[in-house]
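Structure below is input_12.cif: mmCIF, C-alpha atoms (C1' of nucleotides).
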```
data_data
#
loop_
_atom_site.label_atom_id
_atom_site.label_comp_id
_atom_site.auth_asym_id
_atom_site.auth_seq_id
_atom_site.Cartn_x
_atom_site.Cartn_y
_atom_site.Cartn_z
CA MET A 194 31.49 -12.46 -83.04
CA THR A 195 32.59 -11.22 -86.40
CA GLU A 196 33.65 -7.66 -85.89
CA GLN A 197 34.94 -6.61 -89.22
CA PRO A 198 36.15 -3.05 -89.44
CA GLU A 199 34.08 -2.15 -92.44
CA PRO A 200 34.13 1.37 -93.83
CA ALA A 201 30.57 1.86 -92.68
CA ALA A 202 30.60 -0.55 -89.75
CA ARG A 203 26.92 -0.37 -88.82
CA ARG A 204 24.64 1.01 -91.46
CA ARG A 205 21.27 0.34 -89.96
CA ASP A 206 21.24 -0.51 -86.29
CA ALA A 207 18.93 1.45 -84.06
CA ALA A 208 20.20 -0.14 -80.85
CA ALA A 209 23.81 0.60 -81.67
CA THR A 210 22.98 4.17 -82.62
CA ARG A 211 21.06 4.63 -79.40
CA LEU A 212 24.01 3.34 -77.44
CA ALA A 213 26.45 5.55 -79.31
CA LEU A 214 24.31 8.56 -78.47
CA LEU A 215 24.20 7.53 -74.82
CA ASP A 216 27.97 7.10 -74.68
CA ALA A 217 28.62 10.41 -76.37
CA ALA A 218 26.14 12.18 -74.12
CA GLU A 219 27.67 10.67 -71.00
CA LYS A 220 31.10 11.86 -72.02
CA LEU A 221 30.06 15.39 -72.95
CA PHE A 222 27.71 15.92 -70.03
CA ALA A 223 30.50 14.89 -67.68
CA GLU A 224 33.01 17.17 -69.35
CA ARG A 225 30.88 20.25 -69.90
CA GLY A 226 27.70 19.90 -67.89
CA PHE A 227 24.14 19.91 -69.17
CA ASP A 228 23.86 23.51 -70.33
CA ARG A 229 27.10 23.71 -72.25
CA THR A 230 26.55 20.46 -74.09
CA THR A 231 24.60 20.80 -77.33
CA VAL A 232 22.59 18.11 -79.05
CA ARG A 233 24.59 18.78 -82.19
CA ASP A 234 27.85 17.97 -80.41
CA ILE A 235 26.41 14.79 -78.96
CA ALA A 236 25.15 13.62 -82.33
CA LYS A 237 28.44 14.49 -84.00
CA LEU A 238 30.51 12.62 -81.43
CA ALA A 239 28.19 9.64 -81.75
CA GLY A 240 28.46 9.75 -85.54
CA ALA A 241 24.69 10.00 -85.79
CA ASN A 242 22.22 12.47 -87.16
CA GLN A 243 20.88 14.76 -84.50
CA SER A 244 17.27 14.11 -85.39
CA LEU A 245 17.79 10.52 -84.27
CA LEU A 246 18.60 11.82 -80.83
CA PHE A 247 15.09 13.22 -80.60
CA ARG A 248 13.54 10.16 -82.13
CA TYR A 249 15.15 7.83 -79.61
CA PHE A 250 15.08 10.00 -76.50
CA GLY A 251 12.50 12.67 -77.11
CA SER A 252 14.40 15.62 -75.71
CA LYS A 253 17.78 16.70 -74.41
CA GLU A 254 16.54 16.45 -70.83
CA ALA A 255 15.22 12.94 -71.36
CA LEU A 256 18.61 11.96 -72.76
CA PHE A 257 20.26 13.38 -69.68
CA GLU A 258 17.91 11.35 -67.55
CA ALA A 259 18.80 8.22 -69.47
CA VAL A 260 22.50 8.87 -68.99
CA ILE A 261 22.17 9.30 -65.24
CA ALA A 262 19.90 6.29 -64.91
CA ARG A 263 22.43 4.11 -66.69
CA SER A 264 25.65 5.18 -65.01
CA GLY A 265 24.64 6.37 -61.59
CA ARG A 266 23.73 3.25 -59.74
CA GLU A 267 26.07 0.56 -60.92
CA GLN A 268 28.71 1.15 -58.32
CA LEU A 269 26.08 1.72 -55.67
CA ALA A 270 24.49 -1.65 -56.24
CA ALA A 271 27.80 -3.49 -56.38
CA THR A 272 29.37 -2.19 -53.19
CA PRO A 273 28.73 -3.31 -49.60
CA PRO A 274 27.73 -0.39 -47.35
CA GLU A 275 30.75 -0.45 -45.07
CA ARG A 276 33.01 0.09 -48.03
CA LEU A 277 30.83 2.44 -50.04
CA PHE A 278 32.48 5.59 -48.83
CA SER A 279 36.07 4.52 -49.33
CA THR A 280 35.22 2.78 -52.58
CA SER A 281 33.45 5.83 -53.94
CA LEU A 282 36.26 8.02 -52.76
CA ARG A 283 38.93 5.88 -54.34
CA SER A 284 37.09 5.41 -57.61
CA MET A 285 36.56 9.14 -57.71
CA LEU A 286 40.25 9.79 -57.16
CA GLU A 287 41.56 7.39 -59.75
CA PRO A 288 42.61 9.15 -62.92
CA GLY A 289 41.13 6.74 -65.45
CA ARG A 290 37.89 6.01 -63.69
CA GLN A 291 34.76 5.19 -65.60
CA ASN A 292 32.11 6.43 -63.24
CA ARG A 293 31.30 9.88 -64.54
CA ALA A 294 28.02 10.29 -62.69
CA LEU A 295 29.52 12.50 -60.03
CA GLU A 296 31.29 14.71 -62.52
CA THR A 297 28.11 15.08 -64.53
CA TYR A 298 26.27 15.90 -61.36
CA LEU A 299 28.74 18.61 -60.42
CA ARG A 300 29.04 20.25 -63.79
CA SER A 301 25.29 20.40 -64.18
CA SER A 302 24.65 21.94 -60.79
CA GLY A 303 23.16 25.05 -62.28
CA SER A 304 20.47 23.31 -64.24
CA ASP A 305 16.89 22.95 -63.15
CA GLY A 306 14.00 20.75 -64.13
CA VAL A 307 14.33 17.04 -64.50
CA ALA A 308 18.07 17.28 -64.01
CA ALA A 309 17.61 18.64 -60.50
CA ALA A 310 15.23 15.88 -59.51
CA ILE A 311 17.62 13.24 -60.74
CA ARG A 312 20.54 14.76 -58.92
CA GLN A 313 18.54 14.67 -55.73
CA GLU A 314 17.59 11.07 -56.33
CA VAL A 315 21.13 9.81 -56.84
CA GLY A 316 22.31 11.64 -53.76
CA ARG A 317 19.47 10.23 -51.72
CA GLU A 318 20.38 6.67 -52.58
CA TYR A 319 24.01 7.18 -51.64
CA ALA A 320 23.11 8.81 -48.36
CA GLU A 321 20.65 6.07 -47.45
CA VAL A 322 23.37 3.50 -47.68
CA LEU A 323 25.87 5.63 -45.80
CA ALA A 324 23.34 6.21 -43.03
CA THR A 325 23.47 2.51 -42.15
CA LEU A 326 27.06 2.93 -41.06
CA THR A 327 26.32 4.70 -37.80
CA ASP A 328 23.81 4.15 -35.06
CA ALA A 329 23.76 7.79 -33.98
CA PRO A 330 20.28 9.30 -33.77
CA ASP A 331 21.15 11.77 -36.49
CA ALA A 332 22.56 9.11 -38.78
CA GLU A 333 21.02 10.59 -41.90
CA LEU A 334 22.49 13.99 -41.25
CA ARG A 335 25.93 12.52 -40.65
CA ALA A 336 25.58 10.53 -43.85
CA ASP A 337 24.68 13.68 -45.77
CA LEU A 338 27.75 15.40 -44.39
CA ALA A 339 29.94 12.50 -45.48
CA LEU A 340 28.37 12.63 -48.92
CA ALA A 341 28.91 16.39 -49.01
CA TRP A 342 32.58 15.89 -48.34
CA LEU A 343 32.82 13.41 -51.20
CA MET A 344 31.18 15.85 -53.52
CA GLY A 345 33.23 18.79 -52.33
CA ILE A 346 36.45 16.91 -52.95
CA ALA A 347 35.25 15.99 -56.42
CA LEU A 348 34.28 19.58 -57.07
CA VAL A 349 37.64 20.99 -56.04
CA ARG A 350 39.60 18.32 -57.88
CA GLU A 351 37.68 17.89 -61.10
CA VAL A 352 35.97 21.18 -61.68
CA THR A 353 38.09 23.77 -59.94
CA GLY A 354 41.34 21.92 -60.39
CA LYS A 355 42.81 23.46 -57.29
CA GLU A 356 46.28 22.46 -56.16
CA PRO A 357 47.52 20.71 -54.14
CA LEU A 358 44.29 18.73 -53.85
CA ALA A 359 43.84 18.22 -57.58
CA GLY A 360 47.22 16.59 -57.97
CA ALA A 361 47.49 14.85 -54.62
CA ASP A 362 48.12 11.15 -54.21
CA PRO A 363 44.79 9.34 -53.84
CA GLU A 364 46.16 7.32 -50.95
CA ASP A 365 47.08 10.44 -49.01
CA ILE A 366 43.63 11.87 -49.55
CA CYS A 367 41.96 8.64 -48.51
CA ARG A 368 43.98 8.43 -45.34
CA LEU A 369 43.19 11.98 -44.29
CA VAL A 370 39.54 11.94 -45.22
CA LEU A 371 38.83 8.55 -43.72
CA THR A 372 40.11 9.61 -40.32
CA GLY A 373 37.80 12.61 -40.40
CA ILE A 374 34.88 10.50 -41.55
CA LYS A 375 35.59 7.96 -38.85
CA THR A 376 35.27 10.68 -36.24
CA LEU A 377 32.12 11.95 -37.88
CA LEU A 378 30.39 8.61 -37.98
CA GLU A 379 31.58 7.07 -34.72
CA ARG A 380 31.15 9.89 -32.26
CA SER A 381 27.91 9.45 -30.43
CA GLU A 382 28.80 11.96 -27.72
CA MET B 285 6.40 72.70 -69.75
CA THR B 286 9.24 70.69 -68.31
CA GLU B 287 8.40 71.14 -64.63
CA GLN B 288 7.70 67.45 -64.04
CA PRO B 289 9.30 66.05 -60.87
CA GLU B 290 11.38 63.24 -62.31
CA PRO B 291 9.43 59.96 -62.09
CA ALA B 292 12.63 57.93 -62.19
CA ALA B 293 14.86 59.11 -59.36
CA ARG B 294 18.07 58.97 -61.32
CA ARG B 295 17.77 59.89 -64.92
CA ARG B 296 21.38 60.30 -65.82
CA ASP B 297 23.79 58.72 -63.38
CA ALA B 298 26.40 56.38 -64.78
CA ALA B 299 27.74 55.31 -61.37
CA ALA B 300 24.29 54.37 -60.12
CA THR B 301 23.51 52.47 -63.29
CA ARG B 302 26.78 50.61 -63.03
CA LEU B 303 25.98 49.68 -59.46
CA ALA B 304 22.46 48.59 -60.34
CA LEU B 305 23.89 46.31 -63.02
CA LEU B 306 26.38 44.86 -60.53
CA ASP B 307 23.65 44.20 -57.96
CA ALA B 308 21.36 42.62 -60.50
CA ALA B 309 24.16 40.48 -61.87
CA GLU B 310 25.20 39.32 -58.41
CA LYS B 311 21.66 38.23 -57.64
CA LEU B 312 21.06 36.41 -60.90
CA PHE B 313 24.49 34.75 -61.12
CA ALA B 314 23.96 33.41 -57.60
CA GLU B 315 20.49 32.12 -58.38
CA ARG B 316 21.07 30.66 -61.82
CA GLY B 317 24.80 30.46 -62.43
CA PHE B 318 26.76 32.06 -65.24
CA ASP B 319 25.40 30.15 -68.21
CA ARG B 320 21.73 30.42 -67.42
CA THR B 321 21.86 34.13 -66.71
CA THR B 322 21.38 36.33 -69.78
CA VAL B 323 22.57 39.88 -70.22
CA ARG B 324 19.02 40.84 -71.07
CA ASP B 325 17.75 39.58 -67.72
CA ILE B 326 20.47 41.43 -65.85
CA ALA B 327 19.73 44.68 -67.64
CA LYS B 328 16.01 44.26 -67.12
CA LEU B 329 16.38 43.61 -63.39
CA ALA B 330 18.69 46.60 -63.11
CA GLY B 331 16.22 48.76 -65.01
CA ALA B 332 18.90 49.62 -67.52
CA ASN B 333 19.41 49.20 -71.22
CA GLN B 334 21.48 46.16 -72.01
CA SER B 335 23.88 48.05 -74.22
CA LEU B 336 25.00 49.95 -71.11
CA LEU B 337 26.09 46.66 -69.64
CA PHE B 338 28.59 46.30 -72.45
CA ARG B 339 29.61 49.93 -72.29
CA TYR B 340 30.43 49.72 -68.59
CA PHE B 341 31.80 46.19 -68.34
CA GLY B 342 32.79 45.18 -71.85
CA SER B 343 31.43 41.63 -71.79
CA LYS B 344 29.33 39.23 -69.78
CA GLU B 345 32.46 37.50 -68.48
CA ALA B 346 34.00 40.78 -67.38
CA LEU B 347 30.82 41.60 -65.50
CA PHE B 348 31.01 38.23 -63.79
CA GLU B 349 34.59 38.97 -62.85
CA ALA B 350 33.52 42.31 -61.37
CA VAL B 351 30.81 40.64 -59.32
CA ILE B 352 33.18 38.07 -57.86
CA ALA B 353 35.86 40.67 -57.18
CA ARG B 354 33.41 42.78 -55.25
CA SER B 355 31.75 40.16 -53.09
CA GLY B 356 34.26 37.37 -52.72
CA ARG B 357 36.86 38.65 -50.34
CA GLU B 358 35.11 40.78 -47.78
CA GLN B 359 34.55 38.04 -45.28
CA LEU B 360 37.98 36.60 -45.90
CA ALA B 361 39.71 39.87 -45.02
CA ALA B 362 37.59 40.45 -41.92
CA THR B 363 38.02 37.09 -40.20
CA PRO B 364 40.97 35.84 -38.12
CA PRO B 365 42.36 32.54 -39.44
CA GLU B 366 41.52 30.38 -36.43
CA ARG B 367 37.86 31.24 -36.84
CA LEU B 368 37.71 31.33 -40.63
CA PHE B 369 36.37 27.84 -41.02
CA SER B 370 33.64 28.02 -38.42
CA THR B 371 32.75 31.57 -39.43
CA SER B 372 32.51 30.63 -43.08
CA LEU B 373 30.54 27.56 -42.20
CA ARG B 374 28.09 29.46 -40.02
CA SER B 375 27.64 32.31 -42.45
CA MET B 376 27.01 29.77 -45.13
CA LEU B 377 24.42 28.01 -43.04
CA GLU B 378 22.46 31.06 -42.04
CA PRO B 379 19.28 31.45 -44.07
CA GLY B 380 19.43 35.19 -44.73
CA ARG B 381 23.11 35.51 -45.45
CA GLN B 382 24.42 38.10 -47.85
CA ASN B 383 27.58 36.43 -49.08
CA ARG B 384 26.52 34.93 -52.40
CA ALA B 385 30.02 34.31 -53.70
CA LEU B 386 29.94 30.64 -52.80
CA GLU B 387 26.54 30.10 -54.36
CA THR B 388 27.65 31.87 -57.51
CA TYR B 389 30.77 29.74 -57.52
CA LEU B 390 28.81 26.53 -57.22
CA ARG B 391 26.13 27.30 -59.76
CA SER B 392 28.73 28.34 -62.30
CA SER B 393 30.85 25.25 -61.92
CA GLY B 394 30.34 24.24 -65.50
CA SER B 395 31.70 27.40 -67.01
CA ASP B 396 35.17 27.87 -68.35
CA GLY B 397 37.35 30.81 -69.21
CA VAL B 398 37.78 33.74 -66.90
CA ALA B 399 35.15 32.36 -64.56
CA ALA B 400 37.26 29.28 -63.89
CA ALA B 401 40.33 31.35 -63.11
CA ILE B 402 38.40 33.45 -60.64
CA ARG B 403 36.94 30.43 -58.93
CA GLN B 404 40.42 29.04 -58.49
CA GLU B 405 41.67 32.32 -57.13
CA VAL B 406 39.01 32.67 -54.46
CA GLY B 407 39.52 29.09 -53.37
CA ARG B 408 43.25 29.57 -53.21
CA GLU B 409 42.95 32.49 -50.84
CA TYR B 410 40.67 30.58 -48.50
CA ALA B 411 42.93 27.58 -48.47
CA GLU B 412 46.03 29.65 -47.79
CA VAL B 413 44.47 30.98 -44.63
CA LEU B 414 43.20 27.57 -43.55
CA ALA B 415 46.63 26.08 -44.09
CA THR B 416 48.03 28.19 -41.26
CA LEU B 417 45.86 26.27 -38.82
CA THR B 418 47.93 23.12 -38.79
CA ASP B 419 51.63 22.42 -38.63
CA ALA B 420 51.40 19.09 -40.39
CA PRO B 421 53.77 18.74 -43.34
CA ASP B 422 50.82 18.43 -45.71
CA ALA B 423 49.07 21.47 -44.29
CA GLU B 424 47.96 22.74 -47.68
CA LEU B 425 46.38 19.46 -48.63
CA ARG B 426 44.53 19.30 -45.33
CA ALA B 427 43.35 22.86 -45.84
CA ASP B 428 42.08 21.98 -49.30
CA LEU B 429 40.17 19.07 -47.86
CA ALA B 430 38.58 21.32 -45.26
CA LEU B 431 37.66 23.79 -47.96
CA ALA B 432 36.25 20.97 -50.06
CA TRP B 433 34.00 19.97 -47.19
CA LEU B 434 32.72 23.52 -46.89
CA MET B 435 31.94 23.62 -50.57
CA GLY B 436 30.37 20.19 -50.59
CA ILE B 437 28.03 21.15 -47.77
CA ALA B 438 27.08 24.32 -49.60
CA LEU B 439 26.50 22.33 -52.76
CA VAL B 440 24.23 19.80 -51.12
CA ARG B 441 22.30 22.43 -49.17
CA GLU B 442 21.92 25.24 -51.64
CA VAL B 443 22.01 23.62 -55.03
CA THR B 444 20.81 20.10 -54.51
CA GLY B 445 18.53 20.91 -51.61
CA LYS B 446 18.92 17.42 -50.19
CA GLU B 447 17.25 16.57 -46.89
CA PRO B 448 17.97 16.26 -44.05
CA LEU B 449 21.09 18.36 -44.61
CA ALA B 450 19.32 21.21 -46.39
CA GLY B 451 16.94 21.77 -43.52
CA ALA B 452 19.21 20.86 -40.63
CA ASP B 453 19.93 23.17 -37.71
CA PRO B 454 23.13 25.12 -38.40
CA GLU B 455 24.37 24.41 -34.89
CA ASP B 456 24.04 20.68 -35.34
CA ILE B 457 25.95 20.83 -38.57
CA CYS B 458 28.67 22.98 -37.07
CA ARG B 459 29.13 20.63 -34.15
CA LEU B 460 29.43 17.55 -36.35
CA VAL B 461 31.64 19.08 -38.97
CA LEU B 462 33.96 20.79 -36.55
CA THR B 463 34.75 17.52 -34.78
CA GLY B 464 35.67 15.98 -38.10
CA ILE B 465 37.74 19.01 -39.09
CA LYS B 466 39.48 18.97 -35.74
CA THR B 467 40.59 15.42 -36.39
CA LEU B 468 41.67 16.32 -39.89
CA LEU B 469 43.78 19.28 -38.87
CA GLU B 470 45.24 18.03 -35.59
CA ARG B 471 46.30 14.52 -36.43
CA SER B 472 49.96 14.46 -37.25
CA GLU B 473 50.26 10.67 -37.02
"C1'" DC C 2 8.85 -8.61 -106.03
"C1'" DC C 3 6.42 -5.25 -103.86
"C1'" DA C 4 4.03 -2.68 -99.84
"C1'" DG C 5 5.12 -1.05 -95.43
"C1'" DT C 6 7.92 -0.14 -91.72
"C1'" DT C 7 12.28 1.21 -89.78
"C1'" DT C 8 16.58 3.79 -89.98
"C1'" DG C 9 19.18 7.61 -91.62
"C1'" DT C 10 19.75 12.34 -93.87
"C1'" DA C 11 19.24 17.19 -94.99
"C1'" DA C 12 17.12 21.29 -94.39
"C1'" DG C 13 14.86 24.53 -91.88
"C1'" DC C 14 12.09 26.90 -88.06
"C1'" DA C 15 11.38 30.01 -84.36
"C1'" DG C 16 13.48 31.74 -80.60
"C1'" DC C 17 17.32 33.10 -77.96
"C1'" DT C 18 22.38 34.46 -77.27
"C1'" DG C 19 26.15 37.97 -76.64
"C1'" DC C 20 27.27 42.00 -78.66
"C1'" DT C 21 27.24 46.27 -81.93
"C1'" DT C 22 25.63 50.24 -84.19
"C1'" DA C 23 23.16 54.45 -85.02
"C1'" DC C 24 21.05 57.90 -82.87
"C1'" DA C 25 18.42 60.79 -79.52
"C1'" DA C 26 18.29 63.16 -74.99
"C1'" DC C 27 20.69 65.31 -71.53
"C1'" DG C 28 23.75 68.53 -69.00
"C1'" DC C 29 28.06 70.81 -68.41
"C1'" DT C 30 30.99 74.59 -69.81
"C1'" DA C 31 32.76 78.16 -72.64
"C1'" DT D 220 23.16 79.96 -76.26
"C1'" DA D 221 26.16 76.96 -78.90
"C1'" DG D 222 29.07 73.15 -78.79
"C1'" DC D 223 30.30 68.70 -77.13
"C1'" DG D 224 31.10 64.82 -74.40
"C1'" DT D 225 28.21 61.74 -71.55
"C1'" DT D 226 24.18 58.82 -70.74
"C1'" DG D 227 20.31 56.33 -72.41
"C1'" DT D 228 17.45 53.99 -76.16
"C1'" DA D 229 16.01 51.15 -80.04
"C1'" DA D 230 17.03 48.23 -83.47
"C1'" DG D 231 19.47 44.79 -85.47
"C1'" DC D 232 23.30 41.31 -86.57
"C1'" DA D 233 25.29 36.87 -86.92
"C1'" DG D 234 25.46 32.77 -84.76
"C1'" DC D 235 23.71 29.18 -81.96
"C1'" DT D 236 19.86 26.58 -79.49
"C1'" DG D 237 16.46 22.66 -79.12
"C1'" DC D 238 13.45 20.62 -82.01
"C1'" DT D 239 10.59 19.42 -86.39
"C1'" DT D 240 9.58 18.25 -90.99
"C1'" DA D 241 10.05 16.12 -95.48
"C1'" DC D 242 12.12 12.72 -97.70
"C1'" DA D 243 15.40 9.02 -99.22
"C1'" DA D 244 17.53 4.53 -98.35
"C1'" DA D 245 17.52 0.13 -96.25
"C1'" DC D 246 15.36 -3.86 -94.40
"C1'" DT D 247 11.21 -7.16 -93.68
"C1'" DG D 248 7.05 -9.83 -94.24
"C1'" DG D 249 3.72 -11.17 -97.55
#
```

Exercise: express the given structure as structure tokens:
Amino acid sequence: MTEQPEPAARRRDAAATRLALLDAAEKLFAERGFDRTTVRDIAKLAGANQSLLFRYFGSKEALFEAVIARSGREQLAATPPERLFSTSLRSMLEPGRQNRALETYLRSSGSDGVAAAIRQEVGREYAEVLATLTDAPDAELRADLALAWLMGIALVREVTGKEPLAGADPEDICRLVLTGIKTLLERSE
Amino acid sequence: MTEQPEPAARRRDAAATRLALLDAAEKLFAERGFDRTTVRDIAKLAGANQSLLFRYFGSKEALFEAVIARSGREQLAATPPERLFSTSLRSMLEPGRQNRALETYLRSSGSDGVAAAIRQEVGREYAEVLATLTDAPDAELRADLALAWLMGIALVREVTGKEPLAGADPEDICRLVLTGIKTLLERSE
DNA sequence: CCAGTTTGTAAGCAGCTGCTTACAACGCTA
DNA sequence: TAGCGTTGTAAGCAGCTGCTTACAAACTGG
């Protein structure tokens, strides 16, 4: 545990370099989306040479895949189903949150290829869990609609920045949305 | 000598060329988003030289602005407030719809600059109308949340293509969403 | 201590990007 | 018909993109 702040802290450490690239990529993909993030920017932010990015990940798309795979499912695995929606909502609303998967997802909506498949995959896992919350025959559809609301709120807040939603108190948003979701999931008409 | 019936219908028609560029741009921006659409592709689809694009619109961003300005507000102006949500929802759900503003909006979420300002503007106008539907003190916030749901559904259907929502019957979706929206807008606790 | 592998660096490649310039073809009008 | 502004075309520019190559520096096992 000797972390000395040396001038060149790590000089030869493939694992640390790989991690630095992952962190930098996660940050930039979330902020700018896939298309507008360049491999040069990622490497620069990570303090690494850009050719290492290709050595460790193969391609920009593969790096994107690695980022999503790392960050997308932590919260999902750690949250009981009946609280997944409100937990995701709250964590999405908090200003200093660490889960950037949704933001990355949204800002990369225009991209195709591997990125699209991954986006579908993450969404599918969320919806599967949400679908267990209702016994309606169209549970999956209702779950998708709940997920869509989550993503729409994130889109308007984070990407569009529209007021008053963007600056609203998370608790107010939760209260309003959860009543609507309750109706959506409980009604079995 | 020069008695050939013109093979290309319009040989010199600035207005028609401008329109062709607008149509082509609208189609491609909706399908690929701002970043992944190139001026060369737009010009090619329009059957025009790409330098004309810059002569008539000045820049790629200005062309984007022109596309949004043309297509974004027709439905808004033609729909009474109390039906705006369901009308927008239905028109968004119909397979052969012509309003591509929302799709363009979503696929260009990553872009900054003028595009961002326009996206905010269109959203603001929708939300203003929706806000008249409830007399709750936080009417604007509730309207934003309704708008966010609309956009989230469009995102999941059009961009992500997630099942079962992407392939669901529009009437089923309307019924489910409208009950949730009703709760959202009517509750004054 | 030296061969061989791993890690890091610098340079460059081919292709694409938005945009500009120079110029030719057209058609109106005087 | 001559002049001139408008419309269309072809070529090219500078900069950026993802990715590759050639090579040097550091570490490791023998």

For the provided coordinates, the residues matched by the PyMOL selection byres ((chain C) within 10 of (chain A)) should be stated as a PDB file with C-alpha atoms (C1' of nucleotides), keeping the file's coordinate frame.
```pdb
ATOM      1  C1'  DT C   7      12.280   1.210 -89.780  1.00  0.00           C
ATOM      2  C1'  DT C   8      16.580   3.790 -89.980  1.00  0.00           C
ATOM      3  C1'  DG C   9      19.180   7.610 -91.620  1.00  0.00           C
ATOM      4  C1'  DT C  10      19.750  12.340 -93.870  1.00  0.00           C
ATOM      5  C1'  DA C  11      19.240  17.190 -94.990  1.00  0.00           C
TER       6       DA C  11
END
```

Inset, instruction - Using only C-alpha atoms (C1' of nucleotides), find the residues of chain D whose closest atom to chain B is at most 9 Å away, then write them as a ChimeraX atom specification. - result: /D:225-228

Could you save those same residues with C-alpha atoms (C1' of nucleotides) as a compact mmCIF listing (two decimals), keeping the file's coordinate frame?
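The result, written out as selection.txt:
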```txt
# COMPACT_ATOMS: atom_id res chain seq x y z
C1' DT D 225 28.21 61.74 -71.55
C1' DT D 226 24.18 58.82 -70.74
C1' DG D 227 20.31 56.33 -72.41
C1' DT D 228 17.45 53.99 -76.16
```

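Between chain B and the residues A:Thr280, A:Asp328, A:Ala320, A:Ser302, the shortest atom-to-atom distance, using all atoms listed in the file, involves A:Ser302.
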
Legend entry - Ground truth for the PyMOL selection byres ((chain C and resi 22) around 10), written as a count of residues only: 6

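From CA of Leu377 (chain B) back to CA of Glu455 (chain B), the distance works out to 8.9 Å.
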
Inset, instruction - Starting from the shown file, work through the PyMOL selection byres ((chain C and resi 17) around 12) and note down what comes out as a VMD selection string. - result: (chain B and resid 320 322 to 324) or (chain C and resid 15 to 16 18 to 19) or (chain D and resid 234 to 237)

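In this structure, CA of Ser281 (chain A) sits 23.4 Å away from CA of Ala217 (chain A).
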
Legend entry - Contacts of DA31 (chain C) at 12 Å (only C-alpha atoms (C1' of nucleotides); same-chain gap of 6+ positions) as a ChimeraX atom specification: /D:220-223

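Taking CA of Glu349 (chain B) and CA of Glu387 (chain B) as endpoints, the distance between them is 14.7 Å.
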
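For the choices A:Ala239, A:Leu246, A:Ala213, A:Ala208, the atom-to-atom distance to DC238 (chain D) is smallest for A:Leu246 when using all atoms listed in the file.
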
Just the residues within 12 Å of DG249 (chain D), please, counting all atoms listed in the file, with nothing from its chain fewer than 5 positions along; format it as a PDB file with C-alpha atoms (C1' of nucleotides), in the frame of the given file.
```pdb
ATOM      1  C1'  DC C   2       8.850  -8.610-106.030  1.00  0.00           C
ATOM      2  C1'  DC C   3       6.420  -5.250-103.860  1.00  0.00           C
ATOM      3  C1'  DA C   4       4.030  -2.680 -99.840  1.00  0.00           C
ATOM      4  C1'  DG C   5       5.120  -1.050 -95.430  1.00  0.00           C
TER       5       DG C   5
END
```
